[in-house]
Amino acid sequence: MKIIILTISLERGGAENRALNLARYFKQRGHQVELWGFNPGTLSEICRNEGIPSKLVTFQWAGFSKATLKSFKRLLVALWEAKPDILLPHTILPTLACGFVWRWSGAKKCVGYMGGSEFGLVSPLGEFLGIQLMSGMICNAQHLARSIVQTYRLDSQKVALIRNGVALPPPQISRRAWREQLGVKDDTFLAVMVANLSTFKDQEGLLRVWGLVCKSLTRQDKDARLILAGKDFGTGAKLRELSSKLGIENDVLFLGQVRDVSGLLAAVDLCVFSSPSEGCPNGILEAMAGGLAVAAVDNPGVREAVGEHQHSWLSADGDHEAFARNIIALMRDENLRKTLGKQNQQRIKDEFSLDKMCQSTEFLILS
């Protein structure tokens, strides 16, 4: 089968990593697979190195306008020329776009993927109509499946729950080398949030939490740093300004996009996550796979990711004091962090294996 996976961007993020893992799996299974994106990014280089064809197809939504019609025409021509059997658009804009054109492309099936609450991000009417035209939908969390059925008025049989799969590659450099690069001591306590810098992830709230953490540290506590790792999607300057206003500019490290996520996770002590709304966040799943305990904002997606054993370490959105207390408690109890980390690793093996995700997706699209 020829399978084309479409993403909003060829820059790495949660949905894009999922798309890349599926492309690798389909290639190994002998399918013809291509990874397309509406915006450029580093995945093109990765695909080229791994022998996976990639393609940049510009698509812009400007309402129901001539510009949008040109984008639809451009996408349809590209798909018609490629002659795919299966289309797998990831996130709302590629799903909307493919929903309107896939039946004229020659494809036999078009199954969309949504990893978060994305309704209204592009166009409520356009999204509703586009998703109605899909063969089916995949989502990564039970609460999200219910929401998709209700929001888009779909038959529940048309929405499949396939949890994200996680498999960390070996670290590129050691814990010691990472800490040397970060300029911290071996016993410095490091908390990390791996997520692109954007308003959707609320790193601003996390900085305010970290300000409270820093104020609560005593002379007996270890030196501590917060690490924000992710590409800047427009909030980086504001976040740096806020850290300065809070007086914690020396206690926060902005790393930008990190390729060696496995190495970074092995070099830190705790995963923190401030996003108020999630499907099932890869930034948490990868940290769990790396054996880290998690302190995060409480929402259905995060709860579904971490499991009941971690629920007491979740705090209500906006309750910065409770979030800070959880971080400090975990900071001061290394044995507890290790216990939670081992439980998290086991949960990833049981519920979020990469093989299970890929096999379930292949079965769905080929059945």
# chains A, B, ... in the order shown; residues from 1 in each chain; ligands from 1
call {"tool": "select_by_dssp", "arguments": {"residues": "segment 85-272 of chain A", "states": "helix (DSSP H, G or I)", "output": "ChimeraX atom specification"}}
result
/A:92-104,124-132,142-152,156-158,175-182,199-201,203-216,236-245,261-267
call {"tool": "closest_atom_pairs", "arguments": {"of": "segment 134-238 of chain A", "to": "segment 327-336 of chain A", "cutoff": "8 Å", "atoms": "only C-alpha atoms", "output": "CSV"}}
result
residue,atom,partner,partner_atom,distance
A:Phe189,CA,A:Met331,CA,7.3
A:Val213,CA,A:Ile328,CA,6.6
A:Asp221,CA,A:Arg332,CA,7.6
call {"tool": "residues_around", "arguments": {"residues": "Lys109 of chain A", "least_positions_apart": "2", "cutoff": "6 Å", "atoms": "only C-alpha atoms", "output": "MDAnalysis selection string"}}
result
chainID A and resid 86 107 135
call {"tool": "write_last_selection", "arguments": {"atoms": "N, CA and C atoms", "output": "compact mmCIF listing (two decimals), in the first residue's frame"}}
result
# COMPACT_ATOMS: atom_id res chain seq x y z
N ILE A 86 -3.78 5.25 0.94
CA ILE A 86 -4.25 5.66 2.26
C ILE A 86 -3.69 7.03 2.60
N ALA A 107 -7.40 8.02 -3.46
CA ALA A 107 -7.16 7.26 -2.23
C ALA A 107 -8.40 6.44 -1.87
N SER A 135 -12.99 9.07 6.38
CA SER A 135 -13.34 7.66 6.56
C SER A 135 -13.45 7.33 8.04
call {"tool": "atom_distance", "arguments": {"atom1": "atom CA of Ala82 of chain A", "atom2": "atom CA of Phe59 of chain A"}}
result
16.7 Å
call {"tool": "residues_around", "arguments": {"residues": "Ser262 of chain A", "least_positions_apart": "4", "cutoff": "12 Å", "atoms": "only C-alpha atoms", "output": "ChimeraX atom specification"}}
result
/A:166-175,178,194,258,266-268,283,285-292
call {"tool": "write_last_selection", "arguments": {"atoms": "N, CA and C atoms", "output": "short mmCIF file (atom, residue, chain, number, x, y, z; two decimals), in the first residue's frame"}}
result
data_model
loop_
_atom_site.label_atom_id
_atom_site.label_comp_id
_atom_site.auth_asym_id
_atom_site.auth_seq_id
_atom_site.Cartn_x
_atom_site.Cartn_y
_atom_site.Cartn_z
N VAL A 166 5.56 5.24 22.80
CA VAL A 166 6.81 5.91 23.17
C VAL A 166 7.95 4.90 23.20
N ALA A 167 9.03 5.25 22.57
CA ALA A 167 10.25 4.44 22.65
C ALA A 167 11.43 5.40 22.52
N LEU A 168 12.10 5.66 23.62
CA LEU A 168 13.21 6.61 23.60
C LEU A 168 14.45 5.99 22.94
N PRO A 169 15.09 6.72 22.03
CA PRO A 169 16.35 6.24 21.47
C PRO A 169 17.46 6.36 22.52
N PRO A 170 18.59 5.70 22.32
CA PRO A 170 19.69 5.84 23.28
C PRO A 170 20.17 7.28 23.36
N PRO A 171 20.58 7.74 24.55
CA PRO A 171 21.12 9.10 24.68
C PRO A 171 22.34 9.30 23.78
N GLN A 172 22.48 10.49 23.25
CA GLN A 172 23.64 10.79 22.41
C GLN A 172 24.87 11.12 23.24
N ILE A 173 24.64 11.75 24.40
CA ILE A 173 25.76 12.04 25.30
C ILE A 173 25.34 11.69 26.73
N SER A 174 26.30 11.57 27.62
CA SER A 174 26.06 11.11 28.97
C SER A 174 25.43 12.18 29.86
N ARG A 175 24.96 11.74 31.03
CA ARG A 175 24.42 12.66 32.02
C ARG A 175 25.45 13.70 32.41
N TRP A 178 25.95 16.20 29.61
CA TRP A 178 24.81 17.11 29.52
C TRP A 178 24.90 18.19 30.60
N VAL A 194 9.53 19.55 28.57
CA VAL A 194 9.82 19.42 27.14
C VAL A 194 8.54 19.69 26.37
N VAL A 258 15.57 20.61 21.32
CA VAL A 258 16.61 19.66 21.72
C VAL A 258 16.45 18.39 20.91
N ALA A 266 17.73 11.93 30.89
CA ALA A 266 18.60 11.16 31.78
C ALA A 266 19.45 12.05 32.68
N ALA A 267 19.54 13.33 32.32
CA ALA A 267 20.39 14.26 33.07
C ALA A 267 19.62 15.06 34.11
N VAL A 268 18.28 14.94 34.13
CA VAL A 268 17.48 15.76 35.04
C VAL A 268 16.83 14.88 36.11
N GLY A 283 5.24 14.96 25.87
CA GLY A 283 6.25 15.51 26.76
C GLY A 283 6.26 14.82 28.10
N LEU A 285 4.82 11.55 28.50
CA LEU A 285 5.06 10.13 28.23
C LEU A 285 6.55 9.84 28.06
N GLU A 286 7.26 10.71 27.35
CA GLU A 286 8.70 10.49 27.16
C GLU A 286 9.45 10.59 28.48
N ALA A 287 9.04 11.53 29.33
CA ALA A 287 9.68 11.64 30.65
C ALA A 287 9.41 10.40 31.49
N MET A 288 8.20 9.87 31.42
CA MET A 288 7.87 8.64 32.14
C MET A 288 8.71 7.48 31.61
N ALA A 289 8.87 7.40 30.30
CA ALA A 289 9.70 6.35 29.71
C ALA A 289 11.14 6.47 30.18
N GLY A 290 11.57 7.70 30.45
CA GLY A 290 12.92 7.95 30.95
C GLY A 290 13.07 7.74 32.45
N GLY A 291 12.00 7.29 33.11
CA GLY A 291 12.08 6.99 34.52
C GLY A 291 11.94 8.18 35.45
N LEU A 292 11.29 9.24 35.00
CA LEU A 292 11.12 10.43 35.83
C LEU A 292 9.75 10.46 36.48
#
call {"tool": "select_by_dssp", "arguments": {"residues": "segment 179-312 of chain A", "states": "strand (DSSP E)", "output": "ChimeraX atom specification"}}
result
/A:189-194,224-229,252-256,270-273,294-297
call {"tool": "closest_residue", "arguments": {"among": "A:Arg153, A:Arg208, A:Asp298, A:Ser216", "to": "Leu239 of chain A", "atoms": "only C-alpha atoms"}}
result
A:Arg208
call {"tool": "closest_residue", "arguments": {"among": "A:Leu270, A:Leu87, A:Ala229, A:Ala160", "to": "Trp313 of chain A", "atoms": "only C-alpha atoms"}}
result
A:Leu270
call {"tool": "atom_distance", "arguments": {"atom1": "atom CA of Asn164 of chain A", "atom2": "atom CA of Ile5 of chain A"}}
result
15.8 Å
call {"tool": "residues_around", "arguments": {"residues": "Gly112 of chain A", "least_positions_apart": "3", "cutoff": "10 Å", "atoms": "only C-alpha atoms", "output": "list in words"}}
result
Ile5, Leu6, Leu87, Leu88, Pro89, His90, Thr91, Ile92, Pro94, Thr95, Leu96, Cys98, Gly99, Ile131, Met134, Ser135, Gly136, Met137, Ile138, Cys139 and Val159 of chain A
call {"tool": "residues_around", "arguments": {"residues": "Ile46 of chain A", "least_positions_apart": "3", "cutoff": "12 Å", "atoms": "only C-alpha atoms", "output": "PyMOL selection string"}}
result
chain A and resi 10-12+16-17+20-21+23-24+35+41-43+49-54+259
call {"tool": "write_last_selection", "arguments": {"atoms": "N, CA and C atoms", "output": "compact mmCIF listing (two decimals), in the first residue's frame"}}
result
# COMPACT_ATOMS: atom_id res chain seq x y z
N LEU A 10 6.75 20.15 9.20
CA LEU A 10 7.82 19.17 9.21
C LEU A 10 8.82 19.49 10.31
N GLU A 11 8.39 20.32 11.26
CA GLU A 11 9.19 20.59 12.46
C GLU A 11 8.72 19.65 13.55
N ARG A 12 9.65 19.17 14.37
CA ARG A 12 9.31 18.14 15.34
C ARG A 12 8.43 18.68 16.47
N GLU A 16 4.04 15.33 15.16
CA GLU A 16 5.03 15.08 14.11
C GLU A 16 5.91 13.88 14.46
N ASN A 17 6.26 13.73 15.73
CA ASN A 17 7.03 12.55 16.14
C ASN A 17 6.21 11.28 15.96
N LEU A 20 6.30 10.47 12.30
CA LEU A 20 7.60 9.92 11.90
C LEU A 20 7.71 8.46 12.33
N ASN A 21 7.28 8.15 13.53
CA ASN A 21 7.35 6.76 14.01
C ASN A 21 6.48 5.84 13.16
N ALA A 23 5.72 6.38 10.00
CA ALA A 23 6.38 6.27 8.70
C ALA A 23 7.50 5.23 8.75
N ARG A 24 8.27 5.25 9.82
CA ARG A 24 9.35 4.26 9.98
C ARG A 24 8.78 2.83 10.00
N LEU A 35 6.07 11.23 3.96
CA LEU A 35 5.68 12.16 5.02
C LEU A 35 5.63 13.56 4.42
N GLY A 41 10.64 22.06 8.02
CA GLY A 41 11.22 21.74 9.31
C GLY A 41 12.27 20.65 9.21
N THR A 42 12.81 20.27 10.34
CA THR A 42 13.94 19.34 10.39
C THR A 42 13.58 17.90 10.05
N LEU A 43 12.29 17.57 10.02
CA LEU A 43 11.91 16.21 9.66
C LEU A 43 12.32 15.86 8.23
N ASN A 49 17.65 11.08 5.50
CA ASN A 49 18.68 10.18 6.03
C ASN A 49 18.16 8.75 6.20
N GLU A 50 16.86 8.60 6.39
CA GLU A 50 16.29 7.28 6.63
C GLU A 50 15.59 6.69 5.40
N GLY A 51 15.70 7.37 4.27
CA GLY A 51 15.13 6.85 3.05
C GLY A 51 13.61 6.92 2.98
N ILE A 52 13.02 7.89 3.68
CA ILE A 52 11.57 8.10 3.65
C ILE A 52 11.29 9.37 2.84
N PRO A 53 10.63 9.27 1.71
CA PRO A 53 10.34 10.47 0.92
C PRO A 53 9.50 11.47 1.72
N SER A 54 9.85 12.74 1.62
CA SER A 54 9.07 13.79 2.27
C SER A 54 8.76 14.87 1.24
N ARG A 259 17.51 17.96 20.27
CA ARG A 259 17.46 16.71 19.51
C ARG A 259 17.71 15.50 20.40
call {"tool": "residues_around", "arguments": {"residues": "Ala62 of chain A", "least_positions_apart": "4", "cutoff": "12 Å", "atoms": "only C-alpha atoms", "output": "list in words"}}
result
Lys66, Ala67, Thr68, Leu69, Lys70, Ser71, Phe72, Leu93, Val122, Ser123 and Gly126 of chain A
call {"tool": "write_last_selection", "arguments": {"atoms": "C-alpha atoms", "output": "mmCIF file, in the first residue's frame"}}
result
data_model
loop_
_atom_site.group_PDB
_atom_site.id
_atom_site.type_symbol
_atom_site.label_atom_id
_atom_site.label_comp_id
_atom_site.auth_asym_id
_atom_site.auth_seq_id
_atom_site.Cartn_x
_atom_site.Cartn_y
_atom_site.Cartn_z
ATOM 1 C CA LYS A 66 -10.128 32.161 -3.386
ATOM 2 C CA ALA A 67 -6.794 31.807 -1.565
ATOM 3 C CA THR A 68 -8.103 28.782 0.297
ATOM 4 C CA LEU A 69 -9.498 27.292 -2.909
ATOM 5 C CA LYS A 70 -6.034 27.621 -4.478
ATOM 6 C CA SER A 71 -4.578 25.747 -1.512
ATOM 7 C CA PHE A 72 -7.138 22.967 -1.932
ATOM 8 C CA LEU A 93 -5.695 21.640 9.591
ATOM 9 C CA VAL A 122 -8.933 26.801 12.187
ATOM 10 C CA SER A 123 -12.622 27.191 11.348
ATOM 11 C CA GLY A 126 -14.744 24.040 7.936
#
call {"tool": "atom_distance", "arguments": {"atom1": "atom CA of Leu255 of chain A", "atom2": "atom CA of Arg337 of chain A"}}
result
23.9 Å
call {"tool": "closest_residue", "arguments": {"among": "A:Cys280, A:Leu182, A:Val209, A:Ala195", "to": "His143 of chain A", "atoms": "only C-alpha atoms"}}
result
A:Cys280
call {"tool": "closest_residue", "arguments": {"among": "A:Leu161, A:Leu314, A:Leu246, A:Val306", "to": "Ser360 of chain A", "atoms": "only C-alpha atoms"}}
result
A:Leu161
